[in-house]
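Colleague: If it helps, the file is called start_1.cif and holds mmCIF, N, CA and C atoms:
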data_data
loop_
_atom_site.label_atom_id
_atom_site.label_comp_id
_atom_site.auth_asym_id
_atom_site.auth_seq_id
_atom_site.Cartn_x
_atom_site.Cartn_y
_atom_site.Cartn_z
N MET A 936 25.90 -0.06 4.86
CA MET A 936 24.48 -0.37 4.76
C MET A 936 24.29 -1.84 5.13
N SER A 937 23.33 -2.12 5.98
CA SER A 937 23.10 -3.49 6.38
C SER A 937 22.55 -4.29 5.20
N GLU A 938 22.72 -5.60 5.28
CA GLU A 938 22.20 -6.50 4.24
C GLU A 938 20.69 -6.35 4.12
N ASN A 939 20.04 -6.21 5.28
CA ASN A 939 18.59 -6.06 5.33
C ASN A 939 18.15 -4.80 4.59
N ARG A 940 18.81 -3.70 4.86
CA ARG A 940 18.44 -2.42 4.25
C ARG A 940 18.65 -2.48 2.73
N ALA A 941 19.72 -3.14 2.29
CA ALA A 941 19.98 -3.28 0.85
C ALA A 941 18.85 -4.09 0.21
N PHE A 942 18.40 -5.14 0.90
CA PHE A 942 17.30 -5.96 0.41
C PHE A 942 16.02 -5.13 0.31
N TYR A 943 15.75 -4.34 1.33
CA TYR A 943 14.56 -3.49 1.33
C TYR A 943 14.62 -2.47 0.19
N ASN A 944 15.79 -1.87 -0.01
CA ASN A 944 15.95 -0.90 -1.10
C ASN A 944 15.69 -1.55 -2.45
N GLU A 945 16.13 -2.80 -2.59
CA GLU A 945 15.92 -3.55 -3.83
C GLU A 945 14.43 -3.75 -4.09
N ILE A 946 13.69 -4.10 -3.05
CA ILE A 946 12.23 -4.29 -3.17
C ILE A 946 11.57 -2.99 -3.63
N LEU A 947 11.91 -1.90 -2.96
CA LEU A 947 11.30 -0.60 -3.30
C LEU A 947 11.67 -0.17 -4.72
N THR A 948 12.91 -0.37 -5.09
CA THR A 948 13.36 0.00 -6.44
C THR A 948 12.61 -0.80 -7.49
N GLU A 949 12.49 -2.10 -7.26
CA GLU A 949 11.81 -2.97 -8.22
C GLU A 949 10.34 -2.54 -8.40
N HIS A 950 9.65 -2.28 -7.30
CA HIS A 950 8.24 -1.87 -7.38
C HIS A 950 8.08 -0.48 -7.99
N ASN A 951 9.08 0.35 -7.85
CA ASN A 951 9.01 1.69 -8.44
C ASN A 951 9.30 1.65 -9.94
N LEU A 952 10.31 0.90 -10.34
CA LEU A 952 10.70 0.86 -11.75
C LEU A 952 9.76 0.00 -12.60
N ARG A 953 9.25 -1.08 -12.01
CA ARG A 953 8.37 -1.98 -12.75
C ARG A 953 7.09 -2.27 -11.96
N PRO A 954 6.28 -1.24 -11.75
CA PRO A 954 5.05 -1.46 -10.97
C PRO A 954 4.05 -2.31 -11.77
N TYR A 955 3.71 -3.43 -11.22
CA TYR A 955 2.81 -4.37 -11.88
C TYR A 955 1.38 -3.84 -11.93
N HIS A 956 1.00 -3.08 -10.91
CA HIS A 956 -0.40 -2.64 -10.77
C HIS A 956 -0.65 -1.22 -11.24
N LYS A 957 0.34 -0.58 -11.88
CA LYS A 957 0.15 0.80 -12.32
C LYS A 957 -0.41 0.81 -13.75
N HIS A 958 -1.73 0.89 -13.81
CA HIS A 958 -2.44 0.91 -15.09
C HIS A 958 -3.89 1.27 -14.80
N ASP A 959 -4.65 1.51 -15.83
CA ASP A 959 -6.07 1.79 -15.62
C ASP A 959 -6.80 0.49 -15.35
N LEU A 960 -7.91 0.57 -14.68
CA LEU A 960 -8.76 -0.60 -14.42
C LEU A 960 -10.18 -0.20 -14.78
N ALA A 961 -10.55 -0.49 -16.00
CA ALA A 961 -11.82 -0.01 -16.56
C ALA A 961 -13.04 -0.49 -15.78
N ASP A 962 -12.98 -1.71 -15.24
CA ASP A 962 -14.18 -2.23 -14.55
C ASP A 962 -14.12 -2.07 -13.03
N ALA A 963 -13.31 -1.12 -12.56
CA ALA A 963 -13.25 -0.85 -11.12
C ALA A 963 -14.59 -0.31 -10.64
N ASN A 964 -15.02 -0.75 -9.45
CA ASN A 964 -16.26 -0.22 -8.89
C ASN A 964 -16.02 0.62 -7.63
N LEU A 965 -14.77 0.73 -7.20
CA LEU A 965 -14.40 1.64 -6.11
C LEU A 965 -13.20 2.45 -6.59
N ILE A 966 -13.36 3.76 -6.63
CA ILE A 966 -12.31 4.64 -7.14
C ILE A 966 -12.13 5.81 -6.18
N LEU A 967 -10.88 6.14 -5.88
CA LEU A 967 -10.61 7.25 -4.98
C LEU A 967 -9.31 7.94 -5.37
N ASP A 968 -9.35 9.26 -5.41
CA ASP A 968 -8.14 10.05 -5.62
C ASP A 968 -7.49 10.31 -4.28
N GLY A 969 -6.20 10.02 -4.19
CA GLY A 969 -5.44 10.31 -2.98
C GLY A 969 -4.36 11.32 -3.31
N VAL A 970 -4.23 12.35 -2.49
CA VAL A 970 -3.26 13.40 -2.76
C VAL A 970 -2.45 13.67 -1.49
N ASN A 971 -1.15 13.83 -1.68
CA ASN A 971 -0.27 14.24 -0.60
C ASN A 971 0.19 15.66 -0.92
N PRO A 972 -0.50 16.67 -0.36
CA PRO A 972 -0.19 18.06 -0.72
C PRO A 972 1.23 18.49 -0.34
N SER A 973 1.83 17.84 0.65
CA SER A 973 3.15 18.29 1.08
C SER A 973 4.23 18.03 0.03
N CYS A 974 4.03 17.03 -0.84
CA CYS A 974 5.07 16.82 -1.86
C CYS A 974 4.50 16.63 -3.26
N GLY A 975 3.19 16.66 -3.40
CA GLY A 975 2.60 16.60 -4.72
C GLY A 975 2.29 15.20 -5.23
N ASP A 976 2.51 14.17 -4.42
CA ASP A 976 2.14 12.81 -4.83
C ASP A 976 0.64 12.77 -5.08
N HIS A 977 0.25 12.08 -6.12
CA HIS A 977 -1.18 11.95 -6.44
C HIS A 977 -1.40 10.56 -7.03
N ILE A 978 -2.30 9.80 -6.42
CA ILE A 978 -2.67 8.51 -7.00
C ILE A 978 -4.19 8.41 -7.09
N THR A 979 -4.64 7.66 -8.06
CA THR A 979 -6.04 7.28 -8.13
C THR A 979 -6.06 5.77 -7.93
N LEU A 980 -6.64 5.36 -6.82
CA LEU A 980 -6.74 3.95 -6.48
C LEU A 980 -8.03 3.40 -7.06
N LYS A 981 -7.93 2.27 -7.74
CA LYS A 981 -9.10 1.65 -8.38
C LYS A 981 -9.18 0.20 -7.95
N LEU A 982 -10.32 -0.16 -7.38
CA LEU A 982 -10.52 -1.54 -6.94
C LEU A 982 -11.77 -2.13 -7.59
N LYS A 983 -11.70 -3.40 -7.87
CA LYS A 983 -12.88 -4.15 -8.32
C LYS A 983 -13.21 -5.10 -7.18
N VAL A 984 -14.34 -4.83 -6.52
CA VAL A 984 -14.77 -5.62 -5.36
C VAL A 984 -16.07 -6.33 -5.73
N ASN A 985 -16.11 -7.63 -5.46
CA ASN A 985 -17.33 -8.38 -5.81
C ASN A 985 -18.38 -8.29 -4.71
N ASP A 986 -19.53 -8.90 -4.94
CA ASP A 986 -20.66 -8.83 -3.99
C ASP A 986 -20.34 -9.46 -2.64
N GLU A 987 -19.36 -10.36 -2.61
CA GLU A 987 -18.97 -10.99 -1.34
C GLU A 987 -17.95 -10.14 -0.58
N GLY A 988 -17.58 -9.00 -1.15
CA GLY A 988 -16.62 -8.11 -0.46
C GLY A 988 -15.17 -8.49 -0.69
N ILE A 989 -14.90 -9.29 -1.73
CA ILE A 989 -13.53 -9.69 -2.03
C ILE A 989 -12.97 -8.76 -3.10
N ILE A 990 -11.75 -8.29 -2.85
CA ILE A 990 -11.07 -7.42 -3.81
C ILE A 990 -10.54 -8.31 -4.93
N GLU A 991 -11.25 -8.32 -6.05
CA GLU A 991 -10.88 -9.20 -7.16
C GLU A 991 -9.72 -8.66 -7.97
N ASP A 992 -9.61 -7.34 -8.06
CA ASP A 992 -8.53 -6.73 -8.84
C ASP A 992 -8.32 -5.32 -8.33
N GLY A 993 -7.18 -4.76 -8.66
CA GLY A 993 -6.88 -3.40 -8.24
C GLY A 993 -5.77 -2.82 -9.08
N ALA A 994 -5.74 -1.52 -9.16
CA ALA A 994 -4.71 -0.82 -9.91
C ALA A 994 -4.61 0.61 -9.38
N PHE A 995 -3.57 1.30 -9.83
CA PHE A 995 -3.46 2.72 -9.50
C PHE A 995 -2.85 3.44 -10.68
N VAL A 996 -3.18 4.70 -10.79
CA VAL A 996 -2.55 5.59 -11.76
C VAL A 996 -2.18 6.86 -11.00
N GLY A 997 -1.27 7.63 -11.57
CA GLY A 997 -0.87 8.86 -10.91
C GLY A 997 0.63 9.02 -10.90
N ASP A 998 1.06 10.06 -10.25
CA ASP A 998 2.48 10.38 -10.21
C ASP A 998 2.89 10.66 -8.78
N GLY A 999 4.15 10.41 -8.52
CA GLY A 999 4.67 10.69 -7.20
C GLY A 999 6.09 10.18 -7.06
N CYS A 1000 6.61 10.33 -5.88
CA CYS A 1000 7.97 9.89 -5.61
C CYS A 1000 8.05 8.36 -5.61
N ALA A 1001 9.26 7.87 -5.61
CA ALA A 1001 9.49 6.42 -5.65
C ALA A 1001 8.80 5.71 -4.49
N ILE A 1002 8.81 6.32 -3.32
CA ILE A 1002 8.21 5.68 -2.14
C ILE A 1002 6.71 5.54 -2.30
N SER A 1003 6.03 6.59 -2.76
CA SER A 1003 4.57 6.51 -2.88
C SER A 1003 4.17 5.50 -3.95
N GLN A 1004 4.92 5.45 -5.04
CA GLN A 1004 4.60 4.54 -6.14
C GLN A 1004 4.86 3.09 -5.73
N ALA A 1005 6.00 2.84 -5.11
CA ALA A 1005 6.33 1.49 -4.68
C ALA A 1005 5.36 1.01 -3.61
N SER A 1006 5.01 1.88 -2.68
CA SER A 1006 4.09 1.51 -1.60
C SER A 1006 2.72 1.13 -2.17
N ALA A 1007 2.23 1.87 -3.15
CA ALA A 1007 0.93 1.57 -3.77
C ALA A 1007 0.98 0.22 -4.46
N ASP A 1008 2.06 -0.07 -5.16
CA ASP A 1008 2.19 -1.33 -5.89
C ASP A 1008 2.26 -2.51 -4.92
N ILE A 1009 3.06 -2.36 -3.87
CA ILE A 1009 3.18 -3.41 -2.85
C ILE A 1009 1.83 -3.66 -2.19
N MET A 1010 1.13 -2.58 -1.83
CA MET A 1010 -0.18 -2.71 -1.17
C MET A 1010 -1.14 -3.51 -2.05
N LEU A 1011 -1.20 -3.18 -3.33
CA LEU A 1011 -2.12 -3.89 -4.22
C LEU A 1011 -1.73 -5.36 -4.35
N ASP A 1012 -0.43 -5.65 -4.40
CA ASP A 1012 0.02 -7.05 -4.40
C ASP A 1012 -0.58 -7.80 -3.22
N MET A 1013 -0.61 -7.12 -2.09
CA MET A 1013 -1.05 -7.77 -0.85
C MET A 1013 -2.55 -7.92 -0.73
N VAL A 1014 -3.32 -6.95 -1.21
CA VAL A 1014 -4.76 -6.96 -0.92
C VAL A 1014 -5.63 -7.59 -2.00
N ILE A 1015 -5.13 -7.71 -3.22
CA ILE A 1015 -5.93 -8.35 -4.26
C ILE A 1015 -6.14 -9.81 -3.88
N GLY A 1016 -7.40 -10.22 -3.89
CA GLY A 1016 -7.76 -11.58 -3.49
C GLY A 1016 -8.26 -11.68 -2.06
N LEU A 1017 -8.12 -10.59 -1.30
CA LEU A 1017 -8.56 -10.60 0.10
C LEU A 1017 -9.96 -10.00 0.24
N GLU A 1018 -10.61 -10.35 1.36
CA GLU A 1018 -11.85 -9.67 1.73
C GLU A 1018 -11.48 -8.27 2.19
N LYS A 1019 -12.42 -7.33 2.03
CA LYS A 1019 -12.16 -5.95 2.42
C LYS A 1019 -11.71 -5.85 3.88
N ASP A 1020 -12.34 -6.62 4.77
CA ASP A 1020 -11.98 -6.58 6.20
C ASP A 1020 -10.52 -6.96 6.43
N GLU A 1021 -10.07 -7.98 5.70
CA GLU A 1021 -8.68 -8.44 5.83
C GLU A 1021 -7.73 -7.38 5.29
N ALA A 1022 -8.11 -6.71 4.20
CA ALA A 1022 -7.29 -5.63 3.65
C ALA A 1022 -7.15 -4.50 4.65
N ILE A 1023 -8.24 -4.18 5.34
CA ILE A 1023 -8.20 -3.13 6.36
C ILE A 1023 -7.33 -3.55 7.55
N ARG A 1024 -7.39 -4.83 7.92
CA ARG A 1024 -6.54 -5.34 9.01
C ARG A 1024 -5.06 -5.14 8.64
N LEU A 1025 -4.70 -5.46 7.40
CA LEU A 1025 -3.32 -5.26 6.96
C LEU A 1025 -2.96 -3.77 6.95
N SER A 1026 -3.90 -2.95 6.53
CA SER A 1026 -3.69 -1.51 6.50
C SER A 1026 -3.42 -0.98 7.91
N ASP A 1027 -4.22 -1.41 8.87
CA ASP A 1027 -4.02 -0.99 10.26
C ASP A 1027 -2.64 -1.43 10.77
N MET A 1028 -2.26 -2.65 10.40
CA MET A 1028 -0.95 -3.18 10.78
C MET A 1028 0.17 -2.35 10.15
N PHE A 1029 -0.03 -1.96 8.89
CA PHE A 1029 0.95 -1.13 8.19
C PHE A 1029 1.14 0.20 8.93
N PHE A 1030 0.03 0.84 9.31
CA PHE A 1030 0.12 2.11 10.03
C PHE A 1030 0.82 1.93 11.38
N ARG A 1031 0.57 0.81 12.06
CA ARG A 1031 1.27 0.54 13.33
C ARG A 1031 2.77 0.37 13.08
N MET A 1032 3.12 -0.29 11.97
CA MET A 1032 4.54 -0.48 11.65
C MET A 1032 5.20 0.89 11.41
N ILE A 1033 4.53 1.75 10.66
CA ILE A 1033 5.08 3.08 10.36
C ILE A 1033 5.29 3.88 11.64
N LYS A 1034 4.40 3.68 12.61
CA LYS A 1034 4.53 4.39 13.90
C LYS A 1034 5.53 3.71 14.83
N GLY A 1035 6.08 2.57 14.40
CA GLY A 1035 7.03 1.83 15.24
C GLY A 1035 6.35 1.01 16.32
N GLU A 1036 5.06 0.70 16.13
CA GLU A 1036 4.29 -0.02 17.16
C GLU A 1036 3.98 -1.47 16.79
N ALA A 1037 4.42 -1.92 15.62
CA ALA A 1037 4.10 -3.29 15.18
C ALA A 1037 5.12 -4.28 15.72
N SER A 1038 4.66 -5.49 15.99
CA SER A 1038 5.57 -6.55 16.44
C SER A 1038 6.33 -7.10 15.23
N GLU A 1039 7.40 -7.83 15.50
CA GLU A 1039 8.17 -8.46 14.42
C GLU A 1039 7.28 -9.42 13.62
N GLU A 1040 6.38 -10.12 14.30
CA GLU A 1040 5.47 -11.05 13.62
C GLU A 1040 4.56 -10.30 12.65
N GLU A 1041 4.07 -9.14 13.08
CA GLU A 1041 3.21 -8.34 12.21
C GLU A 1041 3.99 -7.83 11.00
N ILE A 1042 5.21 -7.39 11.25
CA ILE A 1042 6.04 -6.88 10.15
C ILE A 1042 6.32 -8.01 9.15
N GLU A 1043 6.55 -9.21 9.69
CA GLU A 1043 6.75 -10.37 8.83
C GLU A 1043 5.51 -10.64 7.98
N GLU A 1044 4.34 -10.52 8.60
CA GLU A 1044 3.08 -10.75 7.89
C GLU A 1044 2.86 -9.70 6.79
N LEU A 1045 3.42 -8.52 6.99
CA LEU A 1045 3.29 -7.46 5.99
C LEU A 1045 4.21 -7.70 4.78
N ASP A 1046 5.04 -8.72 4.87
CA ASP A 1046 5.85 -9.18 3.74
C ASP A 1046 6.64 -8.01 3.15
N GLU A 1047 6.49 -7.76 1.83
CA GLU A 1047 7.30 -6.72 1.18
C GLU A 1047 7.01 -5.32 1.71
N ALA A 1048 5.83 -5.10 2.26
CA ALA A 1048 5.53 -3.79 2.84
C ALA A 1048 6.47 -3.48 4.00
N GLY A 1049 7.05 -4.52 4.58
CA GLY A 1049 8.04 -4.35 5.64
C GLY A 1049 9.26 -3.56 5.18
N ALA A 1050 9.45 -3.47 3.87
CA ALA A 1050 10.55 -2.69 3.31
C ALA A 1050 10.43 -1.22 3.69
N LEU A 1051 9.23 -0.80 4.07
CA LEU A 1051 8.99 0.60 4.44
C LEU A 1051 9.07 0.83 5.95
N ARG A 1052 9.52 -0.16 6.69
CA ARG A 1052 9.51 -0.04 8.15
C ARG A 1052 10.37 1.10 8.67
N ASP A 1053 11.45 1.44 8.00
CA ASP A 1053 12.34 2.49 8.49
C ASP A 1053 11.89 3.90 8.12
N ILE A 1054 10.80 4.00 7.41
CA ILE A 1054 10.32 5.30 6.94
C ILE A 1054 9.97 6.22 8.11
N SER A 1055 9.66 5.61 9.25
CA SER A 1055 9.30 6.41 10.43
C SER A 1055 10.46 7.33 10.85
N HIS A 1056 11.69 6.98 10.45
CA HIS A 1056 12.85 7.82 10.77
C HIS A 1056 12.98 8.99 9.80
N MET A 1057 12.10 9.01 8.79
CA MET A 1057 12.11 10.10 7.81
C MET A 1057 10.71 10.72 7.78
N PRO A 1058 10.38 11.55 8.77
CA PRO A 1058 9.00 12.07 8.90
C PRO A 1058 8.43 12.67 7.62
N ALA A 1059 9.27 13.32 6.82
CA ALA A 1059 8.77 13.95 5.59
C ALA A 1059 8.29 12.91 4.57
N ARG A 1060 8.72 11.65 4.71
CA ARG A 1060 8.37 10.62 3.74
C ARG A 1060 7.22 9.72 4.22
N VAL A 1061 6.81 9.89 5.46
CA VAL A 1061 5.74 9.04 6.00
C VAL A 1061 4.46 9.16 5.16
N LYS A 1062 4.09 10.40 4.81
CA LYS A 1062 2.86 10.58 4.02
C LYS A 1062 2.99 9.95 2.64
N CYS A 1063 4.20 9.91 2.10
CA CYS A 1063 4.43 9.27 0.80
C CYS A 1063 4.12 7.77 0.91
N ALA A 1064 4.65 7.15 1.96
CA ALA A 1064 4.49 5.71 2.15
C ALA A 1064 3.06 5.32 2.48
N THR A 1065 2.35 6.22 3.16
CA THR A 1065 1.01 5.86 3.65
C THR A 1065 -0.12 6.32 2.72
N LEU A 1066 0.19 7.07 1.67
CA LEU A 1066 -0.85 7.63 0.80
C LEU A 1066 -1.80 6.55 0.27
N SER A 1067 -1.27 5.51 -0.32
CA SER A 1067 -2.13 4.47 -0.90
C SER A 1067 -2.87 3.69 0.18
N TRP A 1068 -2.20 3.44 1.30
CA TRP A 1068 -2.84 2.68 2.39
C TRP A 1068 -3.99 3.49 3.00
N HIS A 1069 -3.77 4.79 3.14
CA HIS A 1069 -4.84 5.66 3.64
C HIS A 1069 -6.00 5.68 2.64
N SER A 1070 -5.67 5.76 1.35
CA SER A 1070 -6.71 5.75 0.31
C SER A 1070 -7.51 4.46 0.37
N LEU A 1071 -6.83 3.34 0.59
CA LEU A 1071 -7.51 2.04 0.71
C LEU A 1071 -8.52 2.07 1.85
N LYS A 1072 -8.09 2.57 3.00
CA LYS A 1072 -8.98 2.64 4.16
C LYS A 1072 -10.21 3.50 3.88
N VAL A 1073 -10.00 4.67 3.28
CA VAL A 1073 -11.09 5.58 2.97
C VAL A 1073 -12.06 4.95 1.97
N ILE A 1074 -11.54 4.35 0.94
CA ILE A 1074 -12.37 3.78 -0.12
C ILE A 1074 -13.22 2.62 0.41
N VAL A 1075 -12.63 1.80 1.26
CA VAL A 1075 -13.37 0.67 1.84
C VAL A 1075 -14.40 1.16 2.84
N ASP A 1076 -14.01 2.13 3.69
CA ASP A 1076 -14.98 2.69 4.64
C ASP A 1076 -16.19 3.28 3.91
N LYS A 1077 -15.93 4.03 2.83
CA LYS A 1077 -17.04 4.63 2.07
C LYS A 1077 -17.95 3.57 1.47
N SER A 1078 -17.35 2.45 1.02
CA SER A 1078 -18.13 1.39 0.39
C SER A 1078 -19.02 0.66 1.40
N GLU A 1079 -18.64 0.72 2.67
CA GLU A 1079 -19.39 0.04 3.73
C GLU A 1079 -20.66 0.81 4.08
N LYS A 1080 -20.65 2.11 3.81
CA LYS A 1080 -21.75 2.97 4.24
C LYS A 1080 -22.87 3.00 3.23
#
Write out the structure in this file as structure tokens.
Modeller:
Amino acid sequence: MSENRAFYNEILTEHNLRPYHKHDLADANLILDGVNPSCGDHITLKLKVNDEGIIEDGAFVGDGCAISQASADIMLDMVIGLEKDEAIRLSDMFFRMIKGEASEEEIEELDEAGALRDISHMPARVKCATLSWHSLKVIVDKSEK
């Protein structure tokens, strides 16, 4: 196993075993249930977005495999404090990375989410990794309308 892959596994394990953002968020004003029917992953994404469109806080609850749980926690680490547009830009970049279309600079910008870059080689796990990111996109799009 390469040193890089071991480092990535460590990141995913840490976010799965000790997810910082896995809890209820009573004052969330954007809430969306995300489900991956192929393996039963289920998360409820909760965001608190202020009038300026900044994601002030976020959390998730639900159950799923290690990849879906770690991915949700990493995503929330990245988007809390950002404007919704910036969160969507990162989400789009994440999807490009999963498809193998992101540049090294983009993957670097995705920080710990880069730990999921090799998931594209495991097609059955792609939906696990993208569940929370897809939910983020849907929830923000709905809030814009």
Colleague: May I have the residues within 5 Å of range 978-989 of chain A as a list in words, using only N, CA and C atoms and disregarding those fewer than 6 positions away in the same chain?
Modeller: Ala963, Asn964, Leu965, Ile966, Leu967, Asp968, Gly969, Phe995, Val996, Gly997, Leu1017, Glu1018 and Lys1019 of chain A
Colleague: Spell out the residues picked by the PyMOL selection byres ((chain A and resi 974) around 8) here, as a list of chain:residue names.
Modeller: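 So the PyMOL selection byres ((chain A and resi 974) around 8) ends up selecting A:Val970, A:Asn971, A:Pro972, A:Ser973, A:Gly975, A:Asp976, A:His977, A:Gly999, A:Cys1000, A:Lys1062, A:Cys1063.
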Colleague: Can you write just those residues out, N, CA and C atoms, as a PDB file, in the coordinates of the input?
Modeller:
ATOM      1  N   VAL A 970      -4.230  12.350  -2.490  1.00  0.00           N
ATOM      2  CA  VAL A 970      -3.260  13.400  -2.760  1.00  0.00           C
ATOM      3  C   VAL A 970      -2.450  13.670  -1.490  1.00  0.00           C
ATOM      4  N   ASN A 971      -1.150  13.830  -1.680  1.00  0.00           N
ATOM      5  CA  ASN A 971      -0.270  14.240  -0.600  1.00  0.00           C
ATOM      6  C   ASN A 971       0.190  15.660  -0.920  1.00  0.00           C
ATOM      7  N   PRO A 972      -0.500  16.670  -0.360  1.00  0.00           N
ATOM      8  CA  PRO A 972      -0.190  18.060  -0.720  1.00  0.00           C
ATOM      9  C   PRO A 972       1.230  18.490  -0.340  1.00  0.00           C
ATOM     10  N   SER A 973       1.830  17.840   0.650  1.00  0.00           N
ATOM     11  CA  SER A 973       3.150  18.290   1.080  1.00  0.00           C
ATOM     12  C   SER A 973       4.230  18.030   0.030  1.00  0.00           C
ATOM     13  N   GLY A 975       3.190  16.660  -3.400  1.00  0.00           N
ATOM     14  CA  GLY A 975       2.600  16.600  -4.720  1.00  0.00           C
ATOM     15  C   GLY A 975       2.290  15.200  -5.230  1.00  0.00           C
ATOM     16  N   ASP A 976       2.510  14.170  -4.420  1.00  0.00           N
ATOM     17  CA  ASP A 976       2.140  12.810  -4.830  1.00  0.00           C
ATOM     18  C   ASP A 976       0.640  12.770  -5.080  1.00  0.00           C
ATOM     19  N   HIS A 977       0.250  12.080  -6.120  1.00  0.00           N
ATOM     20  CA  HIS A 977      -1.180  11.950  -6.440  1.00  0.00           C
ATOM     21  C   HIS A 977      -1.400  10.560  -7.030  1.00  0.00           C
ATOM     22  N   GLY A 999       4.150  10.410  -8.520  1.00  0.00           N
ATOM     23  CA  GLY A 999       4.670  10.690  -7.200  1.00  0.00           C
ATOM     24  C   GLY A 999       6.090  10.180  -7.060  1.00  0.00           C
ATOM     25  N   CYS A1000       6.610  10.330  -5.880  1.00  0.00           N
ATOM     26  CA  CYS A1000       7.970   9.890  -5.610  1.00  0.00           C
ATOM     27  C   CYS A1000       8.050   8.360  -5.610  1.00  0.00           C
ATOM     28  N   LYS A1062       4.090  10.400   4.810  1.00  0.00           N
ATOM     29  CA  LYS A1062       2.860  10.580   4.020  1.00  0.00           C
ATOM     30  C   LYS A1062       2.990   9.950   2.640  1.00  0.00           C
ATOM     31  N   CYS A1063       4.200   9.910   2.100  1.00  0.00           N
ATOM     32  CA  CYS A1063       4.430   9.270   0.800  1.00  0.00           C
ATOM     33  C   CYS A1063       4.120   7.770   0.910  1.00  0.00           C
TER      34      CYS A1063
END
Colleague: Looking at only C-alpha atoms, which of A:Lys957, A:Arg1060, A:Lys1034, A:Lys1080 is the one that sits closest to Asp1012 in chain A?
Modeller: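 Comparing A:Lys957, A:Arg1060, A:Lys1034, A:Lys1080 against Asp1012 in chain A, the winner is A:Lys957.
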Colleague: As an exercise, work out the distance from CA of Ile1033 in chain A to CA of Ala1001 in chain A in Å and give it to one decimal place.
Modeller: 16.9 Å
Colleague: State, in Å with one decimal place, the distance from CA of Asn944 in chain A to CA of Ser1006 in chain A.
Modeller: 12.1 Å
Colleague: Written as number ranges by chain, what is the full residue list that the PyMOL selection byres (((chain A and resi 1047 and name CA) around 10) and name CA) yields on the file shown?
Modeller: A: 943, 946-947, 950, 1006, 1009-1010, 1012-1013, 1042-1046, 1048-1052
Colleague: Just write the chosen residues, N, CA and C atoms, as an mmCIF file, keeping the file's coordinate frame.
Modeller:
data_model
loop_
_atom_site.group_PDB
_atom_site.id
_atom_site.type_symbol
_atom_site.label_atom_id
_atom_site.label_comp_id
_atom_site.auth_asym_id
_atom_site.auth_seq_id
_atom_site.Cartn_x
_atom_site.Cartn_y
_atom_site.Cartn_z
ATOM 1 N N TYR A 943 15.750 -4.340 1.330
ATOM 2 C CA TYR A 943 14.560 -3.490 1.330
ATOM 3 C C TYR A 943 14.620 -2.470 0.190
ATOM 4 N N ILE A 946 13.690 -4.100 -3.050
ATOM 5 C CA ILE A 946 12.230 -4.290 -3.170
ATOM 6 C C ILE A 946 11.570 -2.990 -3.630
ATOM 7 N N LEU A 947 11.910 -1.900 -2.960
ATOM 8 C CA LEU A 947 11.300 -0.600 -3.300
ATOM 9 C C LEU A 947 11.670 -0.170 -4.720
ATOM 10 N N HIS A 950 9.650 -2.280 -7.300
ATOM 11 C CA HIS A 950 8.240 -1.870 -7.380
ATOM 12 C C HIS A 950 8.080 -0.480 -7.990
ATOM 13 N N SER A 1006 5.010 1.880 -2.680
ATOM 14 C CA SER A 1006 4.090 1.510 -1.600
ATOM 15 C C SER A 1006 2.720 1.130 -2.170
ATOM 16 N N ILE A 1009 3.060 -2.360 -3.870
ATOM 17 C CA ILE A 1009 3.180 -3.410 -2.850
ATOM 18 C C ILE A 1009 1.830 -3.660 -2.190
ATOM 19 N N MET A 1010 1.130 -2.580 -1.830
ATOM 20 C CA MET A 1010 -0.180 -2.710 -1.170
ATOM 21 C C MET A 1010 -1.140 -3.510 -2.050
ATOM 22 N N ASP A 1012 -0.430 -5.650 -4.400
ATOM 23 C CA ASP A 1012 0.020 -7.050 -4.400
ATOM 24 C C ASP A 1012 -0.580 -7.800 -3.220
ATOM 25 N N MET A 1013 -0.610 -7.120 -2.090
ATOM 26 C CA MET A 1013 -1.050 -7.770 -0.850
ATOM 27 C C MET A 1013 -2.550 -7.920 -0.730
ATOM 28 N N ILE A 1042 5.210 -7.390 11.250
ATOM 29 C CA ILE A 1042 6.040 -6.880 10.150
ATOM 30 C C ILE A 1042 6.320 -8.010 9.150
ATOM 31 N N GLU A 1043 6.550 -9.210 9.690
ATOM 32 C CA GLU A 1043 6.750 -10.370 8.830
ATOM 33 C C GLU A 1043 5.510 -10.640 7.980
ATOM 34 N N GLU A 1044 4.340 -10.520 8.600
ATOM 35 C CA GLU A 1044 3.080 -10.750 7.890
ATOM 36 C C GLU A 1044 2.860 -9.700 6.790
ATOM 37 N N LEU A 1045 3.420 -8.520 6.990
ATOM 38 C CA LEU A 1045 3.290 -7.460 5.990
ATOM 39 C C LEU A 1045 4.210 -7.700 4.780
ATOM 40 N N ASP A 1046 5.040 -8.720 4.870
ATOM 41 C CA ASP A 1046 5.850 -9.180 3.740
ATOM 42 C C ASP A 1046 6.640 -8.010 3.150
ATOM 43 N N ALA A 1048 5.830 -5.100 2.260
ATOM 44 C CA ALA A 1048 5.530 -3.790 2.840
ATOM 45 C C ALA A 1048 6.470 -3.480 4.000
ATOM 46 N N GLY A 1049 7.050 -4.520 4.580
ATOM 47 C CA GLY A 1049 8.040 -4.350 5.640
ATOM 48 C C GLY A 1049 9.260 -3.560 5.180
ATOM 49 N N ALA A 1050 9.450 -3.470 3.870
ATOM 50 C CA ALA A 1050 10.550 -2.690 3.310
ATOM 51 C C ALA A 1050 10.430 -1.220 3.690
ATOM 52 N N LEU A 1051 9.230 -0.800 4.070
ATOM 53 C CA LEU A 1051 8.990 0.600 4.440
ATOM 54 C C LEU A 1051 9.070 0.830 5.950
ATOM 55 N N ARG A 1052 9.520 -0.160 6.690
ATOM 56 C CA ARG A 1052 9.510 -0.040 8.150
ATOM 57 C C ARG A 1052 10.370 1.100 8.670
#
Colleague: Taking the file as shown, what set of residues would the PyMOL selection byres (((chain A and resi 1025 and name CA) around 10) and name CA) give back, as a list in words?
Modeller: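 Checked against the file, the PyMOL selection byres (((chain A and resi 1025 and name CA) around 10) and name CA) matches Met1010, Met1013, Val1014, Lys1019, Asp1020, Glu1021, Ala1022, Ile1023, Arg1024, Ser1026, Asp1027, Met1028, Phe1029, Phe1030, Arg1031, Glu1041, Glu1044, Leu1045, Ala1048 and Trp1068 of chain A.
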